[in-house]
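Beneath this line is the structure, given in structure tokens, with notes to follow.
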Protein chains: 4
Amino acid sequence: MASTTSPAMPVRARDLGVPFEGTPGPLNAITDVAGVRVGHCTLLSPAGGNGVRTGVTTVFPFSSFNGAGVPAGFFAFNGTGEVTGALSIQEFGAIFGPIALTGTSSVGAVRDALLAWMAPRLSDPDTAYAHVLPVVAETYDGDLTQPWTFPIQQGHVFAALNSAVGGTVTEGTVGGGTGMVAYDFKGGIGTSSRQFEFGGQSYTVGALVQTNHGDRRSLLMGGQPVGQMITDLLPAIASAQVATRDGSIIGVIATDAPLLPHQLTRVAKRAAVGLARAGGIGTSTSGDMFIAFSTANAINFRVGELQTWQAMPSEQLHDVFYATAFATEEAILNSLVAATTVTSEVGLTVHALPHDRVRAIFNRLRRP
Amino acid sequence: MASTTSPAMPVRARDLGVPFEGTPGPLNAITDVAGVRVGHCTLLSPAGGNGVRTGVTTVFPFSSFNGAGVPAGFFAFNGTGEVTGALSIQEFGAIFGPIALTGTSSVGAVRDALLAWMAPRLSDPDTAYAHVLPVVAETYDGDLTQPWTFPIQQGHVFAALNSAVGGTVTEGTVGGGTGMVAYDFKGGIGTSSRQFEFGGQSYTVGALVQTNHGDRRSLLMGGQPVGQMITDLLPAIASAQVATRDGSIIGVIATDAPLLPHQLTRVAKRAAVGLARAGGIGTSTSGDMFIAFSTANAINFRVGELQTWQAMPSEQLHDVFYATAFATEEAILNSLVAATTVTSEVGLTVHALPHDRVRAIFNRLRRP
Amino acid sequence: MASTTSPAMPVRARDLGVPFEGTPGPLNAITDVAGVRVGHCTLLSPAGGNGVRTGVTTVFPFSSFNGAGVPAGFFAFNGTGEVTGALSIQEFGAIFGPIALTGTSSVGAVRDALLAWMAPRLSDPDTAYAHVLPVVAETYDGDLTQPWTFPIQQGHVFAALNSAVGGTVTEGTVGGGTGMVAYDFKGGIGTSSRQFEFGGQSYTVGALVQTNHGDRRSLLMGGQPVGQMITDLLPAIASAQVATRDGSIIGVIATDAPLLPHQLTRVAKRAAVGLARAGGIGTSTSGDMFIAFSTANAINFRVGELQTWQAMPSEQLHDVFYATAFATEEAILNSLVAATTVTSEVGLTVHALPHDRVRAIFNRLRRP
Amino acid sequence: MASTTSPAMPVRARDLGVPFEGTPGPLNAITDVAGVRVGHCTLLSPAGGNGVRTGVTTVFPFSSFNGAGVPAGFFAFNGTGEVTGALSIQEFGAIFGPIALTGTSSVGAVRDALLAWMAPRLSDPDTAYAHVLPVVAETYDGDLTQPWTFPIQQGHVFAALNSAVGGTVTEGTVGGGTGMVAYDFKGGIGTSSRQFEFGGQSYTVGALVQTNHGDRRSLLMGGQPVGQMITDLLPAIASAQVATRDGSIIGVIATDAPLLPHQLTRVAKRAAVGLARAGGIGTSTSGDMFIAFSTANAINFRVGELQTWQAMPSEQLHDVFYATAFATEEAILNSLVAATTVTSEVGLTVHALPHDRVRAIFNRLRRP
């Protein structure tokens with residue numbers, strides 16, 4: 001009798017026994033927020049050879065791109081990084097297009113490609129004008145890819161935009177996370193979600209992160225100093241350990257809970273709590289920045305017309321805050337669990353988090 | 001036959017020929033915004049003698065005090081001053097009670113008195129709890145009154161609270177403005193308003209300022225360097241000129257236009273434009289800070305209930321911004337025009353702006 | 001033969017087996033930073049009776065109060081609280097006098113008392129003028145003491161100022177922390193310190209917190225969800241559980257490392273990491289705010305004279321950041337460990353953290 | 001006898017009789033600050049034809065590009081624009097390379113070109129890493145050039161970088177200012193400077209702006225509502241008036257006065273005063289942002305080494321603030337005076353400010 005094998009589901013942090021708080025959505029992904037879509041374009045050359053290890057990830061707040069905006073907030077926990085469009089989010093309280101995550105040296109190319117992609121899709125000059133400040137965030141992948149070669153071209157960005165879908169999100173060494181290093185392990189893209197109730201209604205908060213931060217000793221998993229329990233497998237060329245650069249983390253928080261822009265800024269701050277729960281500190285030159293948006297109120301341009309908003313009351317945001325912190329923490333650890341070992345062209349190997357050893361740590365802790 | 005003389009209407013800046021932009025409301029005062037009330041308590045000892053020259057001014061966003069809040073924003077153009085409650089405005093986007101303006105050394109007494117006044121009026125513990133962070137702003141009146149004697153008592157604050165009314169606002173050497181010095185003239189309280197249309201509806205922006213800022217050379221009236229045209233009448237003891245302290249300005253902006261908290265922060269920033277139009281620069285140790293609120297959406301505490309807001313669209317706030325800048329500029333100059341000469345207990349005389357000379361300047365400019 | 005018993009040393013969090021990162025200073029207290037002094041005034045009526053359960057704690061940056069300032073930074077992780085002087089710290093980058101911590105309804109009285117205490121000690125008008133914006137921070141002790149009775153008088157504040165000393169810091173139910181509730185246990189004052197090396201020189205970071213934040217489920221100790229392991233001992237009247245108010249936390253960070261004001265703002269942000277490591281989230285109406293100062297550069301007023309600063313390089317602040325996060329985390333848990341059970345006049349009992357049960361948890365975790 | 005004609009000196013705002021405050025440096029330009037260099041690349045197709053009307057302007061803080069940084073501050077008066085690197089300036093307090101100004105849709109290309117230009121000049125990986133967050137600011141030139149054609153190429157940026165020199169700065173329809181519209185006149189690049197004394201030493205503040213802001217009615221020159229006196233010459237196609245987009249202004253402030261990063265943020269705020277003095281309001285979707293740097297303290301990377309800074313005292317910055325406001329005001333008006341009439345490919349003509357009519361206005365005002 002033939003056995004039917006389904007493709008293996010990717011292992012995620014909670015599969016290794018890492019404990020988390022709160023109730024995830026069905027996919028435990030940012031796409032649990034209805035309408036949110038994620039796309040990737042990955043440039044990953046084979047181990048050791050010439051070539052590039054970088055990419056682009058896109059997050060769409062909407063199921064269709066039609067020029068409408070979403071209310072948004074921003075928090076720079078440590079601002080030594082780049083998020084184009086951040087000043088406008090802070091001032092205007094809105095995002096009008098897809099968010100892109102990439103490597104530091106590709107911000108310009110990705111920004112221009114976003115403009116080129118949006119232009120033919122925006123016939124109305126007013127909505128087109130609203131989109132001239134695209135949101136592109138970066139972390140530095142210059143340890144695993146050559147930062148000065150500018151490999152990202154318009155076509156790569158278009159691929160990341162055109163492939164954006166709901167449903168399961170590929171994590172780890174993918175898209176903007178392809179060349180990233182976190183806690184001296186291979187980092188990358190991770191996602192998670194949480195559900196909560198307010199006024200008898202269920203809402204979801206989803207997080208997607210691009211992790212490139214932290215040194216080994218600081219890694220916490222489920223509150224445990226796992227980074228101090230796995231002290232080998234450090235980035236190395238041949239067997240010579242190599243210090244990697246001070247990294248960064250970018251987080252995108254999506255929710256269908258109705259929130260005003262200033263409330264979303266508060267939400268973005270709670271993503272930093274998730275970072276801290278995973279041991280992050282915001283090192284000196286780390287760009288640790290968080291964008292939060294709500295899909296519950298669409299922003300359109302209509303001259304002379306008041307807009308009607310719905311919003312949760314500001315003194316009752318606890319559950320949104322917890323959901324944000326918990327989802328961000330798990331998204332960070334998911335990025336580590338999903339990422340695969342990568343070797344750069346100069347032979348720098350950044351190792352994947354060893355699943356078995358993490359499992360063993362949490363098996364041991366669970367024993368009575 | 002007896003002649004009937006009505007009390008003289010106070011002279012205001014535009015009565016002296018100073019040109020202003022925009023259309024004021026009927027009173028040209030913050031009280032043109034429906035429901036807004038202003039109260040004063042003035043402690044003004046006779047010229048030269050012992051005693052105090054200070055006071056308290058209150059601004060209520062509402063016609064009745066019932067525990068509801070208003071959305072609010074805050075901008076510290078130069079933050080070297082005190083506005084209690086400012087952190088909460090920035091975070092929460094709301095003000096729940098009256099705003100008080102006073103001298104620097106009275107902030108504590110006024111804050112406590114606000115609490116004591118509100119407590120018996122708030123039976124519901126939830127609304128009471130919302131009011132434990134009162135908004136008290138200050139400028140430094142230590143040139144005209146002794147700052148270390150703490151003359152303001154609870155009763156004075158209660159008087160300023162209980163006397164708050166709509167209608168005409170007394171300006172000049174009154175309330176919190178009693179001991180203030182601006183542009184080396186006597187400063188104090190000033191107010192003004194502007195009307196604008198949006199979507200076929202008329203809205204009002206009102207400004208109330210407590211002026212204690214600026215040196216003489218910087219004074220602009222209607223864009224004219226009036227401070228450089230009136231170089232005498234400087235603060236002096238006997239005939240010896242005395243340098244006064246680096247001062248401050250506090251501005252309260254009220255509007256009935258429906259605005260969200262992050263939009264009101266933008267409004268508060270435009271009050272600084274009004275300050276700049278009057279020649280203000282935000283000197284090194286000046287506390288130049290602005291609070292803006294909207295009366296169009298009331299904030300109440302109801303567990304588990306979404307709130308519905310109305311708001312102007314963020315890309316169409318031009319007329320609110322202009323109204324704010326123009327009303328603030330005129331309020332500043334109104335404070336100078338209304339203020340009267342005051343002499344401190346050590347004999348420091350701070351002169352009122354000489355109306356006739358200002359009139360002469362603008363008469364001359366108007367000539368063909 | 002007479003036995004010599006020394007007074008029992010107070011138990012602290014690490015004595016219960018809670019693991020912490022980093023190397024504390026000799027006292028594991030903010031006073032490990034040379035010159036820093038702490039004072040308390042405690043008003044604690046007997047259990048259940050009428051009376052008050054509140055107080056004041058003071059932190060002096062200097063061994064003597066002579067009018068000089070220290071560079072400082074500020075971070076409002078959640079700004080729904082009061083820190084007078086915060087706007088000036090943010091603008092001017094300096095603190096000129098003692099910092100006071102107290103209950104919400106005492107901010108005014110404490111502020112005025114600080115002014116009254118400083119005035120006779122500052123003969124030079126310039127330095128006196130610099131001190132008119134005192135730093136008073138609060139958390140809300142209205143669950144254990146009646147917030148509207150204003151029990152703090154000038155004399156209490158003077159006592160907290162005049163008793164400030166270096167050396168061991170009393171923790172727990174003391175000073176400003178007397179009436180505080182954290183994680184549904186009794187909270188209060190806690191302190192800790194960390195040492196680190198830079199350029200061959202040893203530096204210290206010290207933290208002092210007033211804890212009044214968090215619900216039980218969120219408490220983390222050494223990364224363990226201890227709050228979910230001790231689910232009894234909740235605040236109760238008789239045996240009826242009582243929900244306490246959304247609380248707050250204030251943290252003061254001192255260091256002898258030479259840092260510029262904008263670097264100290266970055267340091268203040270890392271105190272929020274310490275809060276997150278102890279499970280804090282910054283709930284909706286919590287005032288979670290942090291002040292950081294450096295004693296390495298004194299700020300004096302000298303007309304027309306450039307000042308010379310020393311500063312660590314901005315890209316090499318990692319160890320200051322880690323020290324801040326770790327010291328803040330431990331200070332928070334120290335406040336819980338030191339606090340004692342308190343019962344309010346209406347019979348609300350807030351329990352001390354049970355030492356034996358915490359010990360048991362960490363004993364069990366240590367077992368192989 | 002042959003007459004010798006020297007090339008005509010460009011007319012500047014003060015040549016038209018516009019009164020200004022303060023004492024300019026020898027060139028009345030940002031290059032009066034020693035070491036500061038400015039370069040332009042201008043793409044200006046003939047009137048009416050196809051082609052582009054855009055460009056790039058660069059500002060170097062240093063006479064040579066060697067990887068060192070300068071302390072810097074940033075202020076978003078209205079943040080609806082793009083300044084890449086702004087988050088890093090705010091966090092780190094430094095700028096490490098040239099600043100570039102361009103049109104909105106060219107930010108990406110200019111950013112990448114800056115990286116490509118810097119890479120071969122930075123052999124040390126540490127200094128290279130410091131430069132991966134270039135500062136590129138924009139205003140929207142989509143009224144006079146097609147924003148979606150991305151005409152700026154790497155070579156144009158290199159030209160603007162390689163041509164940067166001290167000395168006289170070309171103003172008006174040049175570099176990043178080529179396609180800009182201000183007050184419904186042709187805008188562009190303008191510059192000015194002011195000198196002041198501190199402690200017996202002379203210092204300079206220089207401003208360079210790219211103006212694209214304001215509607216006609218708001219234009220103030222020397223405090224006069226000149227925009228309300230010249231109501232014709234509005235942007236038009238054939239004779240049909242065309243509403244141009246809500247614009248923006250970018251300002252770069254340079255000084256040789258020794259200032260710390262948080263002081264430079266205060267300086268950047270005073271550039272907004274200069275904007276207000278020229279009638280600017282910060283309209284709804286305007287990106288009105290200001291960068292300030294000081295050349296007096298160089299920032300280099302040296303591991304484990306304290307840095308020594310000199311700085312003006314924070315309470316004595318008045319003259320820096322005035323210099324900033326006055327230089328920015330004059331730079332704005334210089335940009336208008338220097339700009340020339342430009343017609344877009346669709347026939348939109350934006351007129352130069354008519355010199356003769358401005359002269360006439362100020363001649364009339366000067367008459368006794």
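Labels used: A, B, ... for chains in the order of the structure tokens, numbers from 1 for residues in each chain, and numbers from 1 for ligands as shown.
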
Check every residue of chain D for an atom within 12 Å of chain C, counting only C-alpha atoms, and provide those that qualify as a PyMOL selection string. chain D and resi 69+71-73+88-94+126-127+129-130+197-202+257-267+269+296-319

Option closest in space to Tyr140 of chain C, from C:Ala323, C:Thr231, C:Gly179, C:Val59 [counting only C-alpha atoms]: C:Gly179

Residues within 6 Å of segment 161-166 of chain B, only C-alpha atoms, excluding chain neighbours under 3 positions, as a PyMOL selection string: chain B and resi 31+37-39+158

Selected residues written out, C-alpha atoms, as an mmCIF file, in the first residue's frame:
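Resulting contents of result06.cif:
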```
data_model
loop_
_atom_site.group_PDB
_atom_site.id
_atom_site.type_symbol
_atom_site.label_atom_id
_atom_site.label_comp_id
_atom_site.auth_asym_id
_atom_site.auth_seq_id
_atom_site.Cartn_x
_atom_site.Cartn_y
_atom_site.Cartn_z
ATOM 1 C CA THR B 31 -13.859 81.716 23.596
ATOM 2 C CA ARG B 37 -14.157 79.095 29.112
ATOM 3 C CA VAL B 38 -11.411 81.230 30.642
ATOM 4 C CA GLY B 39 -10.905 82.276 34.260
ATOM 5 C CA PHE B 158 -10.211 77.855 42.959
#
```

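Non-sequential neighbours of Gly142 of chain D (distance at most 12 Å, separation of 5 or more positions within a chain, only C-alpha atoms) are Pro125, Ala128, Tyr129 and Val132 of chain A; Val52, Arg53, Thr54, Thr102, Gly103, Thr104, Ser105, Ser106, Pro147, Trp148, Thr149, Phe150, Thr178, Gly179, Met180, Val181, Asn212, Thr244, Arg245, Asp246, Gly247, Ser344, Glu345, Val346 and Leu348 of chain D.
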
Please, could you write that set of residues out with C-alpha atoms as a compact mmCIF listing (two decimals), in the first residue's frame?
```
# COMPACT_ATOMS: atom_id res chain seq x y z
CA PRO A 125 -2.53 62.06 -9.67
CA ALA A 128 0.05 58.85 -7.09
CA TYR A 129 1.38 61.87 -5.22
CA VAL A 132 6.01 59.18 -3.67
CA VAL D 52 13.86 67.06 -17.65
CA ARG D 53 14.12 69.89 -15.20
CA THR D 54 15.73 68.40 -12.13
CA THR D 102 17.27 66.34 -5.12
CA GLY D 103 13.76 65.70 -6.44
CA THR D 104 11.43 63.25 -4.71
CA SER D 105 11.61 60.50 -7.29
CA SER D 106 15.41 60.55 -7.42
CA PRO D 147 8.45 62.44 -11.66
CA TRP D 148 8.16 58.85 -12.91
CA THR D 149 10.94 58.87 -15.50
CA PHE D 150 13.83 58.64 -13.02
CA THR D 178 16.14 73.09 -10.82
CA GLY D 179 12.48 72.06 -10.92
CA MET D 180 11.22 73.63 -7.74
CA VAL D 181 8.35 76.06 -7.19
CA ASN D 212 9.58 74.28 -3.08
CA THR D 244 0.79 73.49 -8.17
CA ARG D 245 1.32 70.82 -5.55
CA ASP D 246 1.80 71.39 -1.89
CA GLY D 247 5.55 71.77 -1.68
CA SER D 344 7.64 72.39 -18.34
CA GLU D 345 7.13 69.96 -21.22
CA VAL D 346 3.37 70.29 -20.88
CA LEU D 348 3.42 74.96 -17.43
```

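The gap separating atom CA of Ser294 of chain A from atom CA of Arg121 of chain A is 22.7 Å, in Å to one decimal.
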
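Across the model, the gap from atom CA of Gln154 of chain C to atom CA of Ser286 of chain B is 28.2 Å.
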
What's around Val209 of chain D at 8 Å? Count only C-alpha atoms, leave out sequence neighbours fewer than 6 positions away in its own chain, and write the answer as a PyMOL selection string. chain D and resi 188-191+249-252+328+331-332+335

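If you look at atom CA of Ala271 of chain B and atom CA of Glu329 of chain B, they are 7.9 Å away from each other.
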
Would you list the contacts of Pro26 of chain A as a VMD selection string, taking every protein, DNA or RNA residue within 9 Å and counting only C-alpha atoms, but skipping same-chain residues closer than 3 positions in sequence? chain A and resid 29 32 193

Just C-alpha atoms for this one: save the residues we selected as a CSV table (one decimal), in the first residue's frame.
```csv
chain,number,residue,atom,x,y,z
A,29,ALA,CA,1.8,34.6,10.8
A,32,ASP,CA,-3.5,36.0,9.9
A,193,SER,CA,0.5,36.3,15.3
```

If we count only C-alpha atoms and set the cut-off at 6 Å, which residues sit around Val36 of chain C, ignoring sequence neighbours fewer than 4 positions away in its own chain? Please answer as a VMD selection string. chain C and resid 31 60 to 62

Could you pull out the residues in segment 63-258 of chain C that DSSP calls strand (DSSP E) from the backbone, as a ChimeraX atom specification? /C:70-79,94-95,99-103,135-139,181-182,185-186,189-198,201-212,236-237,240-241,248-255

DSSP-assigned alpha helix (DSSP H) members of segment 91-229 of chain A, reported as JSON, numbers by chain: {"A": [91, 92, 107, 108, 109, 110, 111, 112, 113, 114, 115, 116, 117, 118, 125, 126, 127, 128, 129, 130, 154, 155, 156, 157, 158, 159, 160, 161, 162]}
